[in-house]
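Source file: protein-v2.txt (compact mmCIF, C-alpha atoms)
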```txt
# COMPACT_ATOMS: atom_id res chain seq x y z
CA MET A 1 -1.52 -2.03 -29.00
CA THR A 2 -3.95 0.91 -28.96
CA VAL A 3 -5.16 0.05 -25.45
CA ALA A 4 -1.57 -0.15 -24.19
CA ARG A 5 -0.73 3.22 -25.76
CA GLU A 6 -3.83 4.88 -24.29
CA THR A 7 -3.10 3.34 -20.88
CA TYR A 8 0.45 4.70 -21.04
CA PHE A 9 -0.61 8.29 -21.74
CA ILE A 10 -3.26 8.26 -19.00
CA TYR A 11 -0.73 6.73 -16.62
CA VAL A 12 1.87 9.43 -17.41
CA ARG A 13 -0.72 12.19 -16.97
CA ASN A 14 -1.79 10.87 -13.56
CA LEU A 15 1.80 10.37 -12.42
CA ARG A 16 2.77 13.89 -13.47
CA ALA A 17 -0.24 15.30 -11.63
CA TRP A 18 0.93 13.59 -8.45
CA MET A 19 4.60 14.54 -8.85
CA ALA A 20 3.57 18.14 -9.51
CA GLN A 21 2.43 18.34 -5.88
CA PRO A 22 5.62 17.90 -3.83
CA ALA A 23 3.64 18.26 -0.60
CA LEU A 24 2.00 14.89 -1.23
CA VAL A 25 5.37 13.18 -1.58
CA ILE A 26 6.94 15.02 1.36
CA SER A 27 3.99 14.22 3.63
CA THR A 28 4.51 10.49 3.08
CA VAL A 29 8.21 10.72 3.90
CA THR A 30 7.47 12.84 6.97
CA PHE A 31 4.85 10.41 8.22
CA SER A 32 7.19 7.45 7.74
CA LEU A 33 10.01 9.24 9.57
CA PHE A 34 7.60 10.04 12.38
CA MET A 35 6.68 6.35 12.67
CA PHE A 36 10.34 5.36 12.91
CA LEU A 37 11.19 8.00 15.50
CA PHE A 38 7.99 7.72 17.54
CA PHE A 39 7.93 3.93 17.79
CA GLY A 40 11.48 2.80 16.97
CA ALA A 41 13.54 4.22 19.84
CA PRO A 42 10.86 4.35 22.60
CA LEU A 43 9.83 0.71 22.05
CA SER A 44 13.28 -0.70 21.36
CA GLY A 45 13.26 -2.44 24.75
CA MET A 46 10.63 -4.85 23.43
CA THR A 47 13.38 -6.79 21.70
CA ALA A 48 14.37 -8.12 25.13
CA ILE A 49 11.05 -9.98 25.44
CA PRO A 50 11.64 -13.75 25.17
CA GLY A 51 10.57 -14.95 21.74
CA PHE A 52 10.85 -11.57 20.02
CA PRO A 53 12.11 -12.31 16.48
CA SER A 54 14.65 -9.50 16.12
CA ASP A 55 17.20 -7.61 18.20
CA ASP A 56 16.67 -4.45 16.12
CA TYR A 57 13.24 -2.89 16.65
CA GLN A 58 13.80 -0.37 13.86
CA ALA A 59 14.20 -3.29 11.46
CA TYR A 60 11.12 -4.99 12.91
CA ILE A 61 8.83 -2.00 12.34
CA THR A 62 10.22 -1.34 8.84
CA GLY A 63 7.71 -3.84 7.46
CA MET A 64 4.92 -2.02 9.26
CA VAL A 65 5.95 1.40 7.95
CA ILE A 66 6.16 0.05 4.40
CA VAL A 67 2.80 -1.71 4.44
CA MET A 68 1.07 1.16 6.25
CA ALA A 69 2.21 3.64 3.60
CA VAL A 70 0.87 1.36 0.87
CA VAL A 71 -2.46 0.77 2.65
CA PHE A 72 -3.15 4.47 3.11
CA ASN A 73 -2.20 5.00 -0.54
CA GLY A 74 -5.62 3.54 -1.35
CA SER A 75 -7.50 6.38 0.32
CA ASP A 76 -5.29 8.96 -1.43
CA VAL A 77 -6.05 7.42 -4.82
CA ALA A 78 -9.76 7.48 -4.02
CA PHE A 79 -9.64 11.21 -3.40
CA SER A 80 -7.57 11.83 -6.54
CA LEU A 81 -10.18 10.04 -8.64
CA LEU A 82 -13.01 11.97 -6.99
CA THR A 83 -11.18 15.23 -7.75
CA ASP A 84 -11.07 14.27 -11.43
CA MET A 85 -14.78 13.39 -11.31
CA LEU A 86 -15.78 16.69 -9.70
CA SER A 87 -13.58 18.75 -12.04
CA GLY A 88 -15.18 17.14 -15.10
CA TYR A 89 -11.91 15.62 -16.33
CA PHE A 90 -13.16 12.08 -15.75
CA ASP A 91 -16.29 12.72 -17.83
CA LYS A 92 -14.15 14.12 -20.63
CA LEU A 93 -12.10 10.93 -20.64
CA LEU A 94 -15.26 8.84 -20.84
CA LEU A 95 -16.45 10.87 -23.84
CA ALA A 96 -13.07 10.70 -25.58
CA PRO A 97 -12.41 8.00 -28.22
CA VAL A 98 -10.34 5.88 -25.84
CA ASN A 99 -10.93 2.44 -24.42
CA ARG A 100 -12.49 2.81 -20.97
CA PHE A 101 -10.38 -0.03 -19.70
CA SER A 102 -7.33 2.16 -20.42
CA ILE A 103 -8.65 4.81 -18.02
CA LEU A 104 -8.96 2.27 -15.22
CA MET A 105 -5.58 0.63 -15.85
CA GLY A 106 -3.79 3.97 -16.19
CA THR A 107 -5.10 4.97 -12.77
CA LEU A 108 -4.19 1.67 -11.12
CA LEU A 109 -0.70 1.55 -12.65
CA MET A 110 -0.06 5.07 -11.40
CA SER A 111 -1.11 3.96 -7.93
CA GLY A 112 1.30 1.03 -8.06
CA THR A 113 4.14 3.31 -9.18
CA ARG A 114 3.27 5.79 -6.45
CA ALA A 115 3.41 3.03 -3.83
CA MET A 116 6.76 1.85 -5.20
CA ILE A 117 8.26 5.36 -5.01
CA GLN A 118 7.01 5.82 -1.46
CA VAL A 119 8.42 2.48 -0.34
CA LEU A 120 11.75 3.18 -2.03
CA GLY A 121 11.97 6.37 0.02
CA ILE A 122 11.12 4.43 3.20
CA MET A 123 13.83 1.85 2.52
CA VAL A 124 16.42 4.58 2.01
CA MET A 125 15.30 6.18 5.27
CA ALA A 126 15.48 2.85 7.09
CA ALA A 127 19.00 2.25 5.78
CA ILE A 128 20.06 5.70 7.01
CA LEU A 129 18.68 4.80 10.45
CA GLY A 130 20.85 1.69 10.49
CA VAL A 131 18.40 -1.00 9.38
CA ARG A 132 20.09 -3.93 7.68
CA PHE A 133 18.08 -5.72 5.01
CA GLU A 134 18.88 -9.40 5.45
CA GLY A 135 17.27 -10.32 2.13
CA GLY A 136 19.97 -8.42 0.24
CA LEU A 137 19.45 -6.66 -3.08
CA LEU A 138 17.07 -9.34 -4.32
CA GLY A 139 15.04 -8.86 -1.16
CA LEU A 140 14.81 -5.12 -1.77
CA LEU A 141 13.56 -5.75 -5.29
CA ALA A 142 11.03 -8.28 -3.99
CA ILE A 143 9.72 -5.73 -1.47
CA LEU A 144 9.36 -3.10 -4.20
CA ALA A 145 7.48 -5.57 -6.39
CA ALA A 146 5.18 -6.52 -3.51
CA ALA A 147 4.58 -2.86 -2.66
CA THR A 148 3.67 -2.07 -6.28
CA THR A 149 1.24 -4.98 -6.46
CA PHE A 150 -0.27 -4.22 -3.07
CA GLY A 151 -0.56 -0.56 -4.05
CA ILE A 152 -2.75 -1.60 -6.98
CA ALA A 153 -4.89 -3.79 -4.69
CA THR A 154 -5.50 -1.02 -2.13
CA ALA A 155 -6.14 1.47 -4.93
CA CYS A 156 -8.94 -0.80 -6.17
CA LEU A 157 -10.68 -0.43 -2.81
CA GLY A 158 -10.23 3.33 -2.94
CA LEU A 159 -11.61 3.47 -6.49
CA ILE A 160 -14.68 1.47 -5.49
CA ILE A 161 -15.36 3.92 -2.64
CA ALA A 162 -15.03 6.95 -4.90
CA LEU A 163 -17.11 5.45 -7.73
CA LYS A 164 -19.89 4.23 -5.46
CA THR A 165 -20.25 7.24 -3.15
CA LYS A 166 -19.16 10.19 -5.33
CA SER A 167 -19.03 12.01 -2.01
CA VAL A 168 -16.23 14.30 -0.86
CA GLN A 169 -17.01 13.67 2.81
CA VAL A 170 -17.09 9.89 2.49
CA THR A 171 -14.00 9.75 0.31
CA GLN A 172 -12.03 12.13 2.56
CA ASN A 173 -12.85 9.92 5.53
CA SER A 174 -12.16 6.65 3.71
CA TRP A 175 -8.85 6.46 5.56
CA LEU A 176 -10.92 5.36 8.57
CA LEU A 177 -11.73 2.18 6.65
CA PHE A 178 -8.06 1.60 5.93
CA MET A 179 -7.02 2.26 9.55
CA PRO A 180 -8.08 -1.15 10.99
CA LEU A 181 -6.37 -2.90 8.08
CA ALA A 182 -3.12 -1.18 9.01
CA PHE A 183 -3.24 -1.47 12.80
CA LEU A 184 -4.96 -4.82 13.36
CA THR A 185 -1.67 -6.49 12.52
CA THR A 186 1.56 -7.67 14.09
CA ALA A 187 2.95 -4.20 13.44
CA PHE A 188 4.43 -3.83 16.93
CA MET A 189 4.40 -7.33 18.35
CA PRO A 190 4.72 -10.81 16.77
CA ARG A 191 1.57 -12.94 16.62
CA ASP A 192 2.84 -15.49 19.16
CA LEU A 193 2.94 -12.78 21.82
CA LEU A 194 -0.60 -11.51 21.17
CA THR A 195 -3.68 -12.67 23.07
CA GLY A 196 -7.48 -12.46 23.07
CA TRP A 197 -9.68 -10.97 20.38
CA PHE A 198 -6.81 -8.94 18.94
CA LYS A 199 -4.92 -12.09 18.01
CA VAL A 200 -8.02 -13.49 16.27
CA ALA A 201 -8.53 -10.21 14.36
CA VAL A 202 -4.90 -10.24 13.27
CA MET A 203 -5.21 -13.80 11.97
CA LEU A 204 -8.23 -12.77 9.87
CA ASN A 205 -6.60 -9.64 8.45
CA PRO A 206 -5.00 -10.33 5.03
CA VAL A 207 -2.80 -7.24 5.37
CA ASP A 208 -0.92 -8.88 8.24
CA TYR A 209 0.20 -11.79 6.08
CA VAL A 210 1.67 -9.37 3.55
CA MET A 211 3.32 -7.42 6.37
CA VAL A 212 4.83 -10.57 7.85
CA GLY A 213 6.25 -11.53 4.45
CA VAL A 214 7.85 -8.12 3.96
CA ARG A 215 9.16 -8.03 7.52
CA THR A 216 10.64 -11.51 7.17
CA ILE A 217 12.68 -10.43 4.16
CA VAL A 218 13.95 -7.46 6.18
CA ILE A 219 14.88 -9.16 9.46
CA GLU A 220 15.49 -12.79 8.48
CA GLY A 221 16.04 -13.05 4.77
CA TRP A 222 14.49 -15.81 2.67
CA ASN A 223 12.44 -17.74 5.22
CA TRP A 224 9.85 -19.18 2.85
CA ASP A 225 7.58 -20.49 5.61
CA SER A 226 6.76 -16.89 6.49
CA ILE A 227 7.07 -15.36 3.03
CA LEU A 228 4.91 -17.72 0.97
CA PRO A 229 1.64 -17.16 2.92
CA GLY A 230 2.07 -13.42 2.39
CA PHE A 231 2.79 -13.98 -1.31
CA TRP A 232 -0.36 -16.05 -1.87
CA VAL A 233 -2.53 -13.66 0.14
CA LEU A 234 -1.15 -10.79 -1.94
CA VAL A 235 -1.93 -12.56 -5.22
CA VAL A 236 -5.45 -13.62 -4.19
CA THR A 237 -6.29 -10.22 -2.69
CA THR A 238 -5.08 -8.39 -5.79
CA VAL A 239 -7.12 -10.62 -8.12
CA ILE A 240 -10.26 -10.18 -6.02
CA MET A 241 -9.87 -6.42 -5.73
CA LEU A 242 -9.11 -6.01 -9.45
CA THR A 243 -12.24 -7.99 -10.29
CA ALA A 244 -14.38 -5.96 -7.90
CA ALA A 245 -12.98 -2.63 -9.11
CA THR A 246 -13.51 -3.57 -12.77
CA TRP A 247 -17.10 -4.60 -12.04
CA ALA A 248 -17.81 -1.35 -10.14
CA TYR A 249 -16.13 0.71 -12.85
CA ARG A 250 -18.19 -0.87 -15.61
CA ARG A 251 -21.44 -0.35 -13.71
CA GLU A 252 -20.73 3.28 -12.89
CA THR A 253 -19.49 4.23 -16.37
CA ALA A 254 -21.95 2.24 -18.46
```

Hey, can you dump this file as structure tokens for me?
Amino acid sequence: MTVARETYFIYVRNLRAWMAQPALVISTVTFSLFMFLFFGAPLSGMTAIPGFPSDDYQAYITGMVIVMAVVFNGSDVAFSLLTDMLSGYFDKLLLAPVNRFSILMGTLLMSGTRAMIQVLGIMVMAAILGVRFEGGLLGLLAILAAATTFGIATACLGLIIALKTKSVQVTQNSWLLFMPLAFLTTAFMPRDLLTGWFKVAVMLNPVDYVMVGVRTIVIEGWNWDSILPGFWVLVVTTVIMLTAATWAYRRETA
């Protein structure tokens, strides 16, 4: 009970710190709107390609915009943690009579909530632009749950970077590590229409399986053949990243 209470207060503090900076929230919405406007209308003719899975390109890229926002959330969390480390706040938490596991979980839960809020804003934006979510209300809830879980997984990677490097330059540029994860996917074109090394890279990228699952709920509904691989990849990736982040955290705070 004590660990849960401590985790809650650390979580609330981190969430308030993020919400107190409206520019961070607005920048995510602006970036997502840019992605819709920059790629949605100009590339809408791609739906005429034989074999393209949707006749609404805005709906097709909704999965990409959602997953991309969550992926880059990891680099933002890394920098937030480094800021706490450089300000001395993180050291104060370590010296306080609180369970150190609470510090880690409070940070990760905040990241998941942050991802969920961002994705909720993206879904509202998509609906305004005319995107129809074929999965219905249950599909929307499933996407929010997946975004929250995936937000925790990507935050783990960001935390490992910040804990291991303790470098402003490396942490600021950690988004370069997240970039291939976001773009080596079927973000703009289905896998069947890809060729060469890019198609191989996409098949090896776990982020693409999550993206396909989210996109399927948006444009098709409950097609389990496409959703289940993304679900299992999400579960396995989250478990692996949580284990790695916990190990790194224990080593660096021992």

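Restricting the calculation to only C-alpha atoms, the smallest distance between Leu33 (chain A) and any of A:Thr148, A:Arg13, A:Arg5, A:Ala126 is found for A:Ala126.
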
Quick one: which region 28-80 of chain A residues come within 10 Å of region 97-113 of chain A, and what is the nearest atom pair for each with the distance in Å to one decimal, counting only C-alpha atoms, rows ordered by chain and ascending number, as CSV?
```
residue,atom,partner,partner_atom,distance
A:Val70,CA,A:Gly112,CA,8.9
A:Asn73,CA,A:Ser111,CA,7.5
A:Gly74,CA,A:Ser111,CA,8.0
A:Asp76,CA,A:Ser111,CA,9.2
A:Val77,CA,A:Ser111,CA,6.8
A:Ser80,CA,A:Thr107,CA,9.6
```

Neighbour residues at most 12 Å from (19.3, -11.9, 0.3) (only C-alpha atoms) as a PyMOL selection string: chain A and resi 132-143+216-223

Include C-alpha atoms and write out the residues we just selected as a JSON list (two decimals), in the frame of the given file.
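In the end it all went to selection_0.json:
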```
[["chain", "number", "residue", "atom", "x", "y", "z"],
["A", 132, "ARG", "CA", 20.09, -3.93, 7.68],
["A", 133, "PHE", "CA", 18.08, -5.72, 5.01],
["A", 134, "GLU", "CA", 18.88, -9.40, 5.45],
["A", 135, "GLY", "CA", 17.27, -10.32, 2.13],
["A", 136, "GLY", "CA", 19.97, -8.42, 0.24],
["A", 137, "LEU", "CA", 19.45, -6.66, -3.08],
["A", 138, "LEU", "CA", 17.07, -9.34, -4.32],
["A", 139, "GLY", "CA", 15.04, -8.86, -1.16],
["A", 140, "LEU", "CA", 14.81, -5.12, -1.77],
["A", 141, "LEU", "CA", 13.56, -5.75, -5.29],
["A", 142, "ALA", "CA", 11.03, -8.28, -3.99],
["A", 143, "ILE", "CA", 9.72, -5.73, -1.47],
["A", 216, "THR", "CA", 10.64, -11.51, 7.17],
["A", 217, "ILE", "CA", 12.68, -10.43, 4.16],
["A", 218, "VAL", "CA", 13.95, -7.46, 6.18],
["A", 219, "ILE", "CA", 14.88, -9.16, 9.46],
["A", 220, "GLU", "CA", 15.49, -12.79, 8.48],
["A", 221, "GLY", "CA", 16.04, -13.05, 4.77],
["A", 222, "TRP", "CA", 14.49, -15.81, 2.67],
["A", 223, "ASN", "CA", 12.44, -17.74, 5.22]]
```

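Interatomic distance, CA of Leu228 (chain A) to CA of Phe178 (chain A): 23.8 Å.
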
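Our summary of the geometry notes that CA of Phe72 (chain A) is positioned 11.7 Å from CA of Ser32 (chain A).
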
Excluding Met241 (chain A) and residues on its chain fewer than 2 positions from it, collect all residues at most 10 Å away from it, counting only C-alpha atoms, and give them as JSON, numbers by chain. {"A": [152, 153, 154, 155, 156, 157, 160, 236, 237, 238, 239, 243, 244, 245, 246, 247]}

Saved selection, atoms kept: C-alpha atoms, as an mmCIF file, in the frame of the given file:
```cif
data_model
loop_
_atom_site.group_PDB
_atom_site.id
_atom_site.type_symbol
_atom_site.label_atom_id
_atom_site.label_comp_id
_atom_site.auth_asym_id
_atom_site.auth_seq_id
_atom_site.Cartn_x
_atom_site.Cartn_y
_atom_site.Cartn_z
ATOM 1 C CA ILE A 152 -2.750 -1.600 -6.980
ATOM 2 C CA ALA A 153 -4.890 -3.790 -4.690
ATOM 3 C CA THR A 154 -5.500 -1.020 -2.130
ATOM 4 C CA ALA A 155 -6.140 1.470 -4.930
ATOM 5 C CA CYS A 156 -8.940 -0.800 -6.170
ATOM 6 C CA LEU A 157 -10.680 -0.430 -2.810
ATOM 7 C CA ILE A 160 -14.680 1.470 -5.490
ATOM 8 C CA VAL A 236 -5.450 -13.620 -4.190
ATOM 9 C CA THR A 237 -6.290 -10.220 -2.690
ATOM 10 C CA THR A 238 -5.080 -8.390 -5.790
ATOM 11 C CA VAL A 239 -7.120 -10.620 -8.120
ATOM 12 C CA THR A 243 -12.240 -7.990 -10.290
ATOM 13 C CA ALA A 244 -14.380 -5.960 -7.900
ATOM 14 C CA ALA A 245 -12.980 -2.630 -9.110
ATOM 15 C CA THR A 246 -13.510 -3.570 -12.770
ATOM 16 C CA TRP A 247 -17.100 -4.600 -12.040
#
```

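Picture a line from CA of Phe198 (chain A) to CA of Arg215 (chain A); it runs 19.7 Å.
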
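Of the listed residues (A:Gly196, A:Gly130, A:Gly213, A:Pro229), A:Gly213 comes nearest to Ala146 (chain A); the distances count all atoms listed in the file.
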
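Remark: for Phe36 (chain A), the closest of the candidate residues A:Ile61, A:Ala182, A:Val212, A:Ala115 is A:Ile61 (distances computed over only C-alpha atoms).
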
How about completing region 187-220 of chain A with N, CA and C atoms and giving it to me as a CSV table (one decimal), in the frame of the given file?
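What follows is the written file part-v8.csv:
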```csv
chain,number,residue,atom,x,y,z
A,187,ALA,N,2.1,-5.3,13.7
A,187,ALA,CA,3.0,-4.2,13.4
A,187,ALA,C,4.0,-4.0,14.5
A,188,PHE,N,3.6,-4.1,15.8
A,188,PHE,CA,4.4,-3.8,16.9
A,188,PHE,C,4.8,-5.0,17.7
A,189,MET,N,4.1,-6.1,17.5
A,189,MET,CA,4.4,-7.3,18.4
A,189,MET,C,4.1,-8.6,17.5
A,190,PRO,N,5.0,-9.6,17.5
A,190,PRO,CA,4.7,-10.8,16.8
A,190,PRO,C,3.5,-11.5,17.3
A,191,ARG,N,2.9,-12.3,16.3
A,191,ARG,CA,1.6,-12.9,16.6
A,191,ARG,C,1.6,-13.9,17.8
A,192,ASP,N,2.7,-14.5,18.0
A,192,ASP,CA,2.8,-15.5,19.2
A,192,ASP,C,2.7,-14.8,20.5
A,193,LEU,N,3.0,-13.5,20.6
A,193,LEU,CA,2.9,-12.8,21.8
A,193,LEU,C,1.6,-12.0,22.0
A,194,LEU,N,0.7,-12.1,21.1
A,194,LEU,CA,-0.6,-11.5,21.2
A,194,LEU,C,-1.6,-12.4,21.9
A,195,THR,N,-2.7,-11.9,22.4
A,195,THR,CA,-3.7,-12.7,23.1
A,195,THR,C,-5.1,-12.1,22.8
A,196,GLY,N,-6.1,-12.9,23.1
A,196,GLY,CA,-7.5,-12.5,23.1
A,196,GLY,C,-8.0,-12.2,21.7
A,197,TRP,N,-9.0,-11.3,21.6
A,197,TRP,CA,-9.7,-11.0,20.4
A,197,TRP,C,-8.7,-10.3,19.4
A,198,PHE,N,-7.7,-9.6,19.9
A,198,PHE,CA,-6.8,-8.9,18.9
A,198,PHE,C,-6.1,-10.0,18.1
A,199,LYS,N,-5.6,-11.0,18.7
A,199,LYS,CA,-4.9,-12.1,18.0
A,199,LYS,C,-5.8,-12.7,16.9
A,200,VAL,N,-7.1,-12.9,17.2
A,200,VAL,CA,-8.0,-13.5,16.3
A,200,VAL,C,-8.2,-12.5,15.1
A,201,ALA,N,-8.4,-11.2,15.4
A,201,ALA,CA,-8.5,-10.2,14.4
A,201,ALA,C,-7.3,-10.2,13.5
A,202,VAL,N,-6.1,-10.3,14.1
A,202,VAL,CA,-4.9,-10.2,13.3
A,202,VAL,C,-4.8,-11.4,12.3
A,203,MET,N,-5.2,-12.6,12.8
A,203,MET,CA,-5.2,-13.8,12.0
A,203,MET,C,-6.2,-13.7,10.8
A,204,LEU,N,-7.2,-12.9,10.9
A,204,LEU,CA,-8.2,-12.8,9.9
A,204,LEU,C,-7.9,-11.6,8.9
A,205,ASN,N,-6.9,-10.8,9.3
A,205,ASN,CA,-6.6,-9.6,8.4
A,205,ASN,C,-5.6,-10.0,7.4
A,206,PRO,N,-5.9,-10.0,6.1
A,206,PRO,CA,-5.0,-10.3,5.0
A,206,PRO,C,-3.8,-9.4,5.0
A,207,VAL,N,-3.9,-8.2,5.4
A,207,VAL,CA,-2.8,-7.2,5.4
A,207,VAL,C,-1.6,-7.7,6.2
A,208,ASP,N,-2.0,-8.4,7.3
A,208,ASP,CA,-0.9,-8.9,8.2
A,208,ASP,C,0.0,-9.9,7.6
A,209,TYR,N,-0.6,-10.8,6.7
A,209,TYR,CA,0.2,-11.8,6.1
A,209,TYR,C,1.2,-11.2,5.1
A,210,VAL,N,0.8,-10.1,4.4
A,210,VAL,CA,1.7,-9.4,3.6
A,210,VAL,C,2.8,-8.7,4.4
A,211,MET,N,2.4,-8.1,5.5
A,211,MET,CA,3.3,-7.4,6.4
A,211,MET,C,4.4,-8.4,6.9
A,212,VAL,N,3.9,-9.6,7.3
A,212,VAL,CA,4.8,-10.6,7.8
A,212,VAL,C,5.8,-11.0,6.8
A,213,GLY,N,5.4,-11.2,5.5
A,213,GLY,CA,6.2,-11.5,4.4
A,213,GLY,C,7.3,-10.5,4.2
A,214,VAL,N,6.9,-9.2,4.2
A,214,VAL,CA,7.8,-8.1,4.0
A,214,VAL,C,8.8,-8.0,5.1
A,215,ARG,N,8.3,-8.1,6.3
A,215,ARG,CA,9.2,-8.0,7.5
A,215,ARG,C,10.2,-9.2,7.6
A,216,THR,N,9.7,-10.4,7.2
A,216,THR,CA,10.6,-11.5,7.2
A,216,THR,C,11.8,-11.3,6.3
A,217,ILE,N,11.6,-10.7,5.1
A,217,ILE,CA,12.7,-10.4,4.2
A,217,ILE,C,13.7,-9.4,4.8
A,218,VAL,N,13.1,-8.5,5.6
A,218,VAL,CA,14.0,-7.5,6.2
A,218,VAL,C,14.8,-8.0,7.3
A,219,ILE,N,14.2,-8.8,8.2
A,219,ILE,CA,14.9,-9.2,9.5
A,219,ILE,C,15.5,-10.6,9.4
A,220,GLU,N,15.0,-11.4,8.5
A,220,GLU,CA,15.5,-12.8,8.5
A,220,GLU,C,16.1,-13.2,7.1
```
